[in-house]
Amino acid sequence: MTVTTERRLSRLAAADLDTMLLIRHFELGLLDLFEQGKLNGTTHTCLGQEYIPVALGPLLVDGDHVFSNHRGHGHYLSRFGDAHGLLAEIMGRQGAVCNGVGGSQHILRGTYLSTGVQGQSLPVAAGVALHLRRGGDPLLAAAYIGDGTWGEGAVYEALNLARLWSLPLLVVVEHNRIAQSTRTEDQMAGTIAGRAQAFGIRHQRIAGADVNAIRELLTPLVEEVRHRREPAVVEFDTYRVGPHSKGDDSRDRPLIEEAARHDWYRLYAEDHPEQFAPADRRQRDRVAQIIHEVAARPASAWESPCA
Amino acid sequence: MRVAENLNSALLDLLAADEDVFVLGEDITDPYGGAFKVTRGLSTRFPGRVLATPLSEGAIVGAAGGLALAGDKAIVEIMFGDFAALAFDQIVNFASKSVTMYGRRVPLRLIVRCPVGGNRGYGPTHSQSLQKHFLGVPNLALHELSPFHDNARVLAEMLAAGTPAILFEDKVLYTQRMFQDGRIDDLFRYDFVGAETPVARVYLERPDEYDNVIIAPGGMTHRALTAMRAAFLEDESSSLLLVPSRLYPFTLDPLLPILAGARQIIVVEESTAGGTWGAELAQEIYPRLWGRLRHPIRLVHSADSVIPTAAHLERRVLVQDDTIRAALREADHA
Ligand SMILES: Cc1ncc(C[n+]2csc(CCOP(=O)(O)OP(=O)(O)O)c2C)c(N)n1
């Protein structure tokens, strides 16, 4: 079943809008830092997809485990709001969440974990869900994956286990129509819905970026995963507004423009200009301040456990 | 007691002593009890924690990694060790990485049990010794089953380390008896060297009287003993055999005085040629004993070949007792 949320975006609570804008400016800030040659390695921004983890935020509780992926800054910021720690991690500065060892793609904080190998997290999340199931509390493991990751066999092994063992596993798919440079239709036969159905796993497709409507829709579904201990796949029909990593957007112009047309940031600015403008300015300034502050810190230190 | 029974009771004791221990694997539940019967009886006693899985090596090790991440202790049986190749990502890129890649130590108590080795006619994809493919991975310990080392202690050591570990189990050992009380037979005695991870030392009359020293993982024990017996009876050549439980990382220090006294050091393993454990061990020994070695370290391993199914062909490829016997003879004439 597909649910398309309203074309006009409903008004957001200030805190939600702030988090979405924090993520937006954080990501833009990273691309800017890269351009200036101030960042090492690579990073994947979630421009255009910020609303997804923000919508899910209040549906998850502290004891839930969250598995993130390469495109995880929004997942992290929506859960912890800790832009300083994340930026320090990405820049290798003091105060880094993982002392600069993991970097953008490898973060562990409490029950939140990200890894950089596609498909790897789902079996691990299934194992954690098995642990949670046995513990008896209504907790779940949520794993974010992209559409391209459905090419990995590990995904299907994990879905099979999750259904077979009735595991509280919530698979959140950010279907942004592309994987790196490959359009989804060039690498996926059939549909994600069909694949979920093959395992007897509930599937919910969500189009549109209305955070309030998404939450209303997903609240009962997430409760079911929690209490009935059944896995579910929630597929967000979304758009990657920025490049795959940094400056590597090989899409044709019309596709890039299509993504921009669906960007919640632009849509929300149109729908709620009086709320948007000052909030946007505040978060832009805040991120600039954070970048300034973190960039001035000394390098992170790591007590190598192997030494 | 047979080696498989010792392992079975070690698993049973772990499950009984600790509510957080899980055992996962294909076909491991009763009445079947696993392809090699090592898990027999466990699921009947602990139905919720001994779980038969689908044929999904990657997901089994991944789920075990998830249990370990959440604080449980997980033991996986890979039906044939060859299939650990399908779990390589979970072992190398998830479980072992996670111990340190998040900038602080994250203990992961995970054991992957891999029945390995040939001489049973299972053919090229069910007979390999894959140890060498897992060497040198940070935070990944490699152990091998042996008839000397009590598995209760071995499993406890592996879990206590807080890093993922693989236990390689040479299938030919399952039906052999565990050695006891320092005595193997009329000829050979044994004791242990080293405290942290003890190495079994097999000797003739006295542990300090020997010509050559053989270092071999548990699966090679009986072939090595046969060769040592023949060398002694036919050539009056006496050898010492060192059988470690942990292959990697290898603790060399307690063995150095022993190795320094050898006419020749011979490292024996069943792996096929190329990038072997023996080569790794030799490069650790050379700088430590340079100037004191009387001869180059000799590496004995199987041929550079797939492992054939037919008995007469398989025999030619894999290390046998006469391969070791020949190495000892050459050592004596070196
Ligand atoms: C196993 C594996 N193969 C390849 C890659 C390289 N890689 C990183 S992101 C990516 C695309 C992933 O696409 P998708 O799952 O759709 O997520 P998106 O990038 O669109 O968010 C690829 C191929 C990887 N990280 N892991």
# chains A, B, ... in the order shown; residues from 1 in each chain; ligands from 1
call {"tool": "residues_near_ligand", "arguments": {"ligand": "ligand 1", "cutoff": "6 Å", "atoms": "only C-alpha atoms and all ligand atoms", "output": "list in words"}}
result
Arg71, Gly116, Val117, Gln118, Ile145, Gly146, Asp147, Gly148, Thr149, Asn176, Ile178, Ala179 and Gln180 of chain A
call {"tool": "select_by_dssp", "arguments": {"residues": "range 105-178 of chain B", "states": "strand (DSSP E or B)", "output": "PyMOL selection string"}}
result
chain B and resi 109-116+141-144+165-170+177
call {"tool": "write_last_selection", "arguments": {"atoms": "N, CA, C and O atoms", "output": "PDB file, in the first residue's frame"}}
result
ATOM      1  N   ARG B 109      31.936 -10.927  22.195  1.00  0.00           N
ATOM      2  CA  ARG B 109      32.184 -12.314  22.566  1.00  0.00           C
ATOM      3  C   ARG B 109      31.501 -13.222  21.553  1.00  0.00           C
ATOM      4  O   ARG B 109      30.311 -13.502  21.653  1.00  0.00           O
ATOM      5  N   LEU B 110      32.288 -13.596  20.573  1.00  0.00           N
ATOM      6  CA  LEU B 110      31.752 -14.340  19.432  1.00  0.00           C
ATOM      7  C   LEU B 110      32.759 -15.404  19.019  1.00  0.00           C
ATOM      8  O   LEU B 110      33.929 -15.104  18.826  1.00  0.00           O
ATOM      9  N   ILE B 111      32.286 -16.633  18.934  1.00  0.00           N
ATOM     10  CA  ILE B 111      33.152 -17.726  18.474  1.00  0.00           C
ATOM     11  C   ILE B 111      32.531 -18.339  17.222  1.00  0.00           C
ATOM     12  O   ILE B 111      31.344 -18.676  17.214  1.00  0.00           O
ATOM     13  N   VAL B 112      33.328 -18.461  16.180  1.00  0.00           N
ATOM     14  CA  VAL B 112      32.870 -19.128  14.966  1.00  0.00           C
ATOM     15  C   VAL B 112      33.594 -20.464  14.878  1.00  0.00           C
ATOM     16  O   VAL B 112      34.814 -20.506  14.742  1.00  0.00           O
ATOM     17  N   ARG B 113      32.843 -21.534  15.002  1.00  0.00           N
ATOM     18  CA  ARG B 113      33.446 -22.879  14.954  1.00  0.00           C
ATOM     19  C   ARG B 113      33.451 -23.386  13.512  1.00  0.00           C
ATOM     20  O   ARG B 113      32.423 -23.404  12.850  1.00  0.00           O
ATOM     21  N   CYS B 114      34.608 -23.805  13.062  1.00  0.00           N
ATOM     22  CA  CYS B 114      34.750 -24.244  11.677  1.00  0.00           C
ATOM     23  C   CYS B 114      35.370 -25.624  11.581  1.00  0.00           C
ATOM     24  O   CYS B 114      36.587 -25.775  11.754  1.00  0.00           O
ATOM     25  N   PRO B 115      34.572 -26.645  11.299  1.00  0.00           N
ATOM     26  CA  PRO B 115      35.149 -27.963  11.005  1.00  0.00           C
ATOM     27  C   PRO B 115      35.948 -27.880   9.702  1.00  0.00           C
ATOM     28  O   PRO B 115      35.426 -27.409   8.695  1.00  0.00           O
ATOM     29  N   VAL B 116      37.197 -28.280   9.750  1.00  0.00           N
ATOM     30  CA  VAL B 116      38.059 -28.141   8.575  1.00  0.00           C
ATOM     31  C   VAL B 116      38.811 -29.444   8.302  1.00  0.00           C
ATOM     32  O   VAL B 116      38.720 -30.409   9.051  1.00  0.00           O
ATOM     33  N   ALA B 141      41.056 -13.607  16.790  1.00  0.00           N
ATOM     34  CA  ALA B 141      41.927 -14.673  17.295  1.00  0.00           C
ATOM     35  C   ALA B 141      41.592 -15.984  16.586  1.00  0.00           C
ATOM     36  O   ALA B 141      40.425 -16.271  16.320  1.00  0.00           O
ATOM     37  N   LEU B 142      42.616 -16.753  16.268  1.00  0.00           N
ATOM     38  CA  LEU B 142      42.417 -18.048  15.625  1.00  0.00           C
ATOM     39  C   LEU B 142      42.891 -19.153  16.563  1.00  0.00           C
ATOM     40  O   LEU B 142      44.031 -19.134  17.018  1.00  0.00           O
ATOM     41  N   HIS B 143      42.011 -20.077  16.841  1.00  0.00           N
ATOM     42  CA  HIS B 143      42.356 -21.227  17.686  1.00  0.00           C
ATOM     43  C   HIS B 143      42.164 -22.500  16.889  1.00  0.00           C
ATOM     44  O   HIS B 143      41.433 -22.526  15.903  1.00  0.00           O
ATOM     45  N   GLU B 144      42.814 -23.579  17.354  1.00  0.00           N
ATOM     46  CA  GLU B 144      42.546 -24.866  16.715  1.00  0.00           C
ATOM     47  C   GLU B 144      42.320 -25.931  17.779  1.00  0.00           C
ATOM     48  O   GLU B 144      43.007 -25.982  18.812  1.00  0.00           O
ATOM     49  N   ALA B 165      36.552 -14.756  17.648  1.00  0.00           N
ATOM     50  CA  ALA B 165      37.561 -15.795  17.490  1.00  0.00           C
ATOM     51  C   ALA B 165      37.003 -16.901  16.615  1.00  0.00           C
ATOM     52  O   ALA B 165      35.793 -17.124  16.580  1.00  0.00           O
ATOM     53  N   ILE B 166      37.899 -17.565  15.915  1.00  0.00           N
ATOM     54  CA  ILE B 166      37.487 -18.730  15.127  1.00  0.00           C
ATOM     55  C   ILE B 166      38.142 -19.955  15.741  1.00  0.00           C
ATOM     56  O   ILE B 166      39.331 -19.928  16.070  1.00  0.00           O
ATOM     57  N   LEU B 167      37.362 -20.997  15.923  1.00  0.00           N
ATOM     58  CA  LEU B 167      37.918 -22.273  16.380  1.00  0.00           C
ATOM     59  C   LEU B 167      37.919 -23.216  15.190  1.00  0.00           C
ATOM     60  O   LEU B 167      36.855 -23.624  14.711  1.00  0.00           O
ATOM     61  N   PHE B 168      39.094 -23.526  14.693  1.00  0.00           N
ATOM     62  CA  PHE B 168      39.209 -24.482  13.592  1.00  0.00           C
ATOM     63  C   PHE B 168      39.259 -25.883  14.179  1.00  0.00           C
ATOM     64  O   PHE B 168      40.018 -26.140  15.107  1.00  0.00           O
ATOM     65  N   GLU B 169      38.438 -26.759  13.641  1.00  0.00           N
ATOM     66  CA  GLU B 169      38.327 -28.106  14.202  1.00  0.00           C
ATOM     67  C   GLU B 169      38.610 -29.128  13.107  1.00  0.00           C
ATOM     68  O   GLU B 169      37.793 -29.316  12.202  1.00  0.00           O
ATOM     69  N   ASP B 170      39.789 -29.725  13.162  1.00  0.00           N
ATOM     70  CA  ASP B 170      40.092 -30.745  12.156  1.00  0.00           C
ATOM     71  C   ASP B 170      39.142 -31.918  12.369  1.00  0.00           C
ATOM     72  O   ASP B 170      39.121 -32.533  13.440  1.00  0.00           O
ATOM     73  N   ARG B 177      40.509 -39.816  20.927  1.00  0.00           N
ATOM     74  CA  ARG B 177      40.304 -39.595  22.360  1.00  0.00           C
ATOM     75  C   ARG B 177      41.109 -38.395  22.826  1.00  0.00           C
ATOM     76  O   ARG B 177      42.137 -38.042  22.240  1.00  0.00           O
TER      77      ARG B 177
END
call {"tool": "residues_around", "arguments": {"residues": "Leu12 in chain A", "least_positions_apart": "4", "cutoff": "9 Å", "atoms": "only C-alpha atoms", "output": "PyMOL selection string"}}
result
chain A and resi 16-17+210-212
call {"tool": "residues_around", "arguments": {"residues": "Tyr190 in chain B", "least_positions_apart": "2", "cutoff": "8 Å", "atoms": "only C-alpha atoms", "output": "number ranges by chain"}}
result
B: 182-184, 188, 192, 200-203
call {"tool": "write_last_selection", "arguments": {"atoms": "C-alpha atoms", "output": "compact mmCIF listing (two decimals), in the first residue's frame"}}
result
# COMPACT_ATOMS: atom_id res chain seq x y z
CA GLY B 182 50.47 -36.22 30.70
CA ARG B 183 50.67 -39.58 28.96
CA ILE B 184 49.95 -40.39 25.32
CA PHE B 188 55.25 -40.21 24.50
CA PHE B 192 52.12 -27.62 28.89
CA ALA B 200 51.17 -28.75 24.65
CA ARG B 201 54.71 -30.14 24.58
CA VAL B 202 55.11 -33.79 23.64
CA TYR B 203 58.41 -35.47 24.48
call {"tool": "closest_atom_pairs", "arguments": {"of": "chain A", "to": "chain B", "cutoff": "10 Å", "atoms": "only C-alpha atoms", "output": "CSV"}}
result
residue,atom,partner,partner_atom,distance
A:His65,CA,B:Ala70,CA,9.4
A:Glu89,CA,B:Gly103,CA,10.0
A:Ala96,CA,B:Gly103,CA,9.1
A:Val97,CA,B:Gly103,CA,8.0
A:Cys98,CA,B:Gly103,CA,4.4
A:Asn99,CA,B:Gly103,CA,5.0
A:Gly100,CA,B:Gly103,CA,6.9
A:Val101,CA,B:Gly103,CA,5.2
A:Gly102,CA,B:Tyr102,CA,5.2
A:Gly103,CA,B:Tyr102,CA,8.6
A:His106,CA,B:Tyr102,CA,6.6
A:Ile107,CA,B:Tyr102,CA,6.1
A:Leu108,CA,B:Tyr102,CA,5.9
A:Arg109,CA,B:Tyr102,CA,8.7
A:Thr111,CA,B:Ala70,CA,8.5
A:Leu113,CA,B:Tyr102,CA,9.1
A:Ser114,CA,B:Tyr102,CA,9.6
A:Thr115,CA,B:Phe94,CA,7.9
A:Gly116,CA,B:Asn93,CA,9.2
A:Val117,CA,B:Asn93,CA,7.8
A:Gln120,CA,B:Gln90,CA,6.9
A:Ser121,CA,B:Gly62,CA,7.8
A:Leu122,CA,B:Gly62,CA,8.0
A:Pro123,CA,B:Gly62,CA,4.7
A:Val124,CA,B:Gly66,CA,4.2
A:Ala125,CA,B:Gly66,CA,6.0
A:Ala126,CA,B:Ala63,CA,5.6
A:Gly127,CA,B:Ala63,CA,3.6
A:Val128,CA,B:Gly66,CA,4.6
A:Ala129,CA,B:Gly66,CA,8.1
A:Leu130,CA,B:Leu67,CA,7.3
A:His131,CA,B:Leu67,CA,5.8
A:Leu132,CA,B:Ala70,CA,8.5
A:Arg134,CA,B:Gly48,CA,8.9
A:Gly153,CA,B:Gly58,CA,8.9
A:Ala154,CA,B:Ala59,CA,6.3
A:Val155,CA,B:Ala59,CA,8.6
A:Tyr156,CA,B:Ala59,CA,9.0
A:Glu157,CA,B:Ala59,CA,5.7
A:Ala158,CA,B:Ala59,CA,5.8
A:Leu159,CA,B:Ala59,CA,9.5
A:Asn160,CA,B:Pro54,CA,8.2
A:Leu161,CA,B:Pro54,CA,7.5
A:Leu164,CA,B:Pro54,CA,9.2
A:Trp165,CA,B:Thr53,CA,9.6
A:Ala301,CA,B:Gly103,CA,9.2
A:Trp302,CA,B:Gly103,CA,6.6
A:Glu303,CA,B:Arg104,CA,8.0
A:Ser304,CA,B:Thr100,CA,8.0
A:Pro305,CA,B:Arg105,CA,7.0
A:Cys306,CA,B:Pro138,CA,8.1
call {"tool": "residues_around", "arguments": {"residues": "Leu59 in chain A", "least_positions_apart": "3", "cutoff": "12 Å", "atoms": "only C-alpha atoms", "output": "PyMOL selection string"}}
result
chain A and resi 52-56+62-64+66+78-79+139-140+142+170+211-212+214-226
call {"tool": "atom_distance", "arguments": {"atom1": "CA of His312 in chain B", "atom2": "CA of Met79 in chain B"}}
result
25.3 Å
call {"tool": "residues_around", "arguments": {"residues": "Leu39 in chain A", "least_positions_apart": "4", "cutoff": "8 Å", "atoms": "only C-alpha atoms", "output": "PyMOL selection string"}}
result
chain A and resi 30+33-34+90-91
call {"tool": "write_last_selection", "arguments": {"atoms": "C-alpha atoms", "output": "PDB file, in the first residue's frame"}}
result
ATOM      1  CA  LEU A  30      30.504  19.675   4.929  1.00  0.00           C
ATOM      2  CA  LEU A  33      34.580  22.302   3.831  1.00  0.00           C
ATOM      3  CA  PHE A  34      35.427  19.679   1.224  1.00  0.00           C
ATOM      4  CA  ILE A  90      34.435  13.862  10.564  1.00  0.00           C
ATOM      5  CA  MET A  91      37.257  16.400  11.034  1.00  0.00           C
TER       6      MET A  91
END
call {"tool": "residues_around", "arguments": {"residues": "Glu314 in chain B", "least_positions_apart": "4", "cutoff": "8 Å", "atoms": "only C-alpha atoms", "output": "PyMOL selection string"}}
result
chain B and resi 118-119+121+307-310+318
call {"tool": "write_last_selection", "arguments": {"atoms": "N, CA and C atoms", "output": "compact mmCIF listing (two decimals), in the first residue's frame"}}
result
# COMPACT_ATOMS: atom_id res chain seq x y z
N GLY B 118 40.86 -32.40 5.55
CA GLY B 118 40.48 -33.45 4.61
C GLY B 118 40.77 -34.84 5.12
N ASN B 119 41.20 -35.67 4.19
CA ASN B 119 41.44 -37.09 4.48
C ASN B 119 40.14 -37.83 4.80
N GLY B 121 37.61 -37.64 2.17
CA GLY B 121 36.98 -37.83 0.87
C GLY B 121 35.81 -36.92 0.57
N ILE B 307 41.80 -30.01 -3.40
CA ILE B 307 41.87 -31.27 -2.66
C ILE B 307 40.93 -32.27 -3.32
N PRO B 308 41.49 -33.29 -3.94
CA PRO B 308 40.68 -34.24 -4.70
C PRO B 308 39.82 -35.11 -3.78
N THR B 309 38.81 -35.70 -4.38
CA THR B 309 37.90 -36.54 -3.61
C THR B 309 38.42 -37.97 -3.47
N ALA B 310 38.84 -38.59 -4.57
CA ALA B 310 39.27 -39.99 -4.54
C ALA B 310 40.41 -40.16 -3.54
N LEU B 318 47.44 -33.97 0.42
CA LEU B 318 47.46 -33.51 1.82
C LEU B 318 48.69 -34.03 2.58
call {"tool": "atom_distance", "arguments": {"atom1": "CA of Glu330 in chain B", "atom2": "CA of Leu259 in chain B"}}
result
17.9 Å
call {"tool": "decode", "arguments": {"residues": "range 147-165 of chain A", "atoms": "N, CA, C and O atoms", "output": "PDB file, in the first residue's frame"}}
result
ATOM      1  N   ASP A 147      18.000   2.013  -1.519  1.00  0.00           N
ATOM      2  CA  ASP A 147      17.426   1.100  -2.513  1.00  0.00           C
ATOM      3  C   ASP A 147      18.505   0.227  -3.151  1.00  0.00           C
ATOM      4  O   ASP A 147      18.295  -0.953  -3.410  1.00  0.00           O
ATOM      5  N   GLY A 148      19.690   0.811  -3.375  1.00  0.00           N
ATOM      6  CA  GLY A 148      20.758   0.040  -4.021  1.00  0.00           C
ATOM      7  C   GLY A 148      21.200  -1.144  -3.182  1.00  0.00           C
ATOM      8  O   GLY A 148      21.635  -2.177  -3.709  1.00  0.00           O
ATOM      9  N   THR A 149      21.056  -1.014  -1.876  1.00  0.00           N
ATOM     10  CA  THR A 149      21.503  -2.055  -0.961  1.00  0.00           C
ATOM     11  C   THR A 149      20.668  -3.330  -1.100  1.00  0.00           C
ATOM     12  O   THR A 149      21.074  -4.404  -0.658  1.00  0.00           O
ATOM     13  N   TRP A 150      19.528  -3.208  -1.763  1.00  0.00           N
ATOM     14  CA  TRP A 150      18.702  -4.401  -2.000  1.00  0.00           C
ATOM     15  C   TRP A 150      19.344  -5.340  -3.016  1.00  0.00           C
ATOM     16  O   TRP A 150      18.819  -6.403  -3.318  1.00  0.00           O
ATOM     17  N   GLY A 151      20.487  -4.951  -3.560  1.00  0.00           N
ATOM     18  CA  GLY A 151      21.247  -5.871  -4.404  1.00  0.00           C
ATOM     19  C   GLY A 151      22.061  -6.863  -3.592  1.00  0.00           C
ATOM     20  O   GLY A 151      22.520  -7.882  -4.119  1.00  0.00           O
ATOM     21  N   GLU A 152      22.232  -6.602  -2.303  1.00  0.00           N
ATOM     22  CA  GLU A 152      23.072  -7.461  -1.465  1.00  0.00           C
ATOM     23  C   GLU A 152      22.288  -8.658  -0.925  1.00  0.00           C
ATOM     24  O   GLU A 152      21.215  -8.505  -0.350  1.00  0.00           O
ATOM     25  N   GLY A 153      22.894  -9.838  -1.049  1.00  0.00           N
ATOM     26  CA  GLY A 153      22.242 -11.062  -0.564  1.00  0.00           C
ATOM     27  C   GLY A 153      21.994 -11.049   0.931  1.00  0.00           C
ATOM     28  O   GLY A 153      21.025 -11.645   1.414  1.00  0.00           O
ATOM     29  N   ALA A 154      22.856 -10.370   1.669  1.00  0.00           N
ATOM     30  CA  ALA A 154      22.712 -10.340   3.133  1.00  0.00           C
ATOM     31  C   ALA A 154      21.343  -9.803   3.538  1.00  0.00           C
ATOM     32  O   ALA A 154      20.788 -10.207   4.559  1.00  0.00           O
ATOM     33  N   VAL A 155      20.790  -8.893   2.720  1.00  0.00           N
ATOM     34  CA  VAL A 155      19.485  -8.315   3.027  1.00  0.00           C
ATOM     35  C   VAL A 155      18.425  -9.421   3.103  1.00  0.00           C
ATOM     36  O   VAL A 155      17.598  -9.465   4.018  1.00  0.00           O
ATOM     37  N   TYR A 156      18.485 -10.332   2.161  1.00  0.00           N
ATOM     38  CA  TYR A 156      17.447 -11.378   2.082  1.00  0.00           C
ATOM     39  C   TYR A 156      17.638 -12.440   3.151  1.00  0.00           C
ATOM     40  O   TYR A 156      16.675 -12.973   3.694  1.00  0.00           O
ATOM     41  N   GLU A 157      18.895 -12.748   3.459  1.00  0.00           N
ATOM     42  CA  GLU A 157      19.151 -13.696   4.548  1.00  0.00           C
ATOM     43  C   GLU A 157      18.571 -13.131   5.843  1.00  0.00           C
ATOM     44  O   GLU A 157      17.960 -13.848   6.634  1.00  0.00           O
ATOM     45  N   ALA A 158      18.755 -11.826   6.030  1.00  0.00           N
ATOM     46  CA  ALA A 158      18.282 -11.197   7.266  1.00  0.00           C
ATOM     47  C   ALA A 158      16.753 -11.115   7.293  1.00  0.00           C
ATOM     48  O   ALA A 158      16.129 -11.357   8.326  1.00  0.00           O
ATOM     49  N   LEU A 159      16.132 -10.783   6.157  1.00  0.00           N
ATOM     50  CA  LEU A 159      14.666 -10.698   6.123  1.00  0.00           C
ATOM     51  C   LEU A 159      14.057 -12.063   6.436  1.00  0.00           C
ATOM     52  O   LEU A 159      13.070 -12.178   7.163  1.00  0.00           O
ATOM     53  N   ASN A 160      14.677 -13.090   5.884  1.00  0.00           N
ATOM     54  CA  ASN A 160      14.197 -14.441   6.126  1.00  0.00           C
ATOM     55  C   ASN A 160      14.252 -14.772   7.621  1.00  0.00           C
ATOM     56  O   ASN A 160      13.269 -15.248   8.204  1.00  0.00           O
ATOM     57  N   LEU A 161      15.395 -14.484   8.232  1.00  0.00           N
ATOM     58  CA  LEU A 161      15.541 -14.737   9.675  1.00  0.00           C
ATOM     59  C   LEU A 161      14.514 -13.934  10.470  1.00  0.00           C
ATOM     60  O   LEU A 161      13.884 -14.456  11.397  1.00  0.00           O
ATOM     61  N   ALA A 162      14.352 -12.665  10.088  1.00  0.00           N
ATOM     62  CA  ALA A 162      13.490 -11.773  10.861  1.00  0.00           C
ATOM     63  C   ALA A 162      12.047 -12.272  10.866  1.00  0.00           C
ATOM     64  O   ALA A 162      11.364 -12.246  11.889  1.00  0.00           O
ATOM     65  N   ARG A 163      11.597 -12.744   9.717  1.00  0.00           N
ATOM     66  CA  ARG A 163      10.217 -13.230   9.638  1.00  0.00           C
ATOM     67  C   ARG A 163      10.081 -14.577  10.328  1.00  0.00           C
ATOM     68  O   ARG A 163       9.144 -14.818  11.083  1.00  0.00           O
ATOM     69  N   LEU A 164      11.061 -15.437  10.063  1.00  0.00           N
ATOM     70  CA  LEU A 164      11.056 -16.788  10.617  1.00  0.00           C
ATOM     71  C   LEU A 164      11.046 -16.776  12.142  1.00  0.00           C
ATOM     72  O   LEU A 164      10.341 -17.544  12.779  1.00  0.00           O
ATOM     73  N   TRP A 165      11.831 -15.877  12.719  1.00  0.00           N
ATOM     74  CA  TRP A 165      11.989 -15.834  14.171  1.00  0.00           C
ATOM     75  C   TRP A 165      11.164 -14.717  14.810  1.00  0.00           C
ATOM     76  O   TRP A 165      11.335 -14.415  15.990  1.00  0.00           O
TER      77      TRP A 165
END
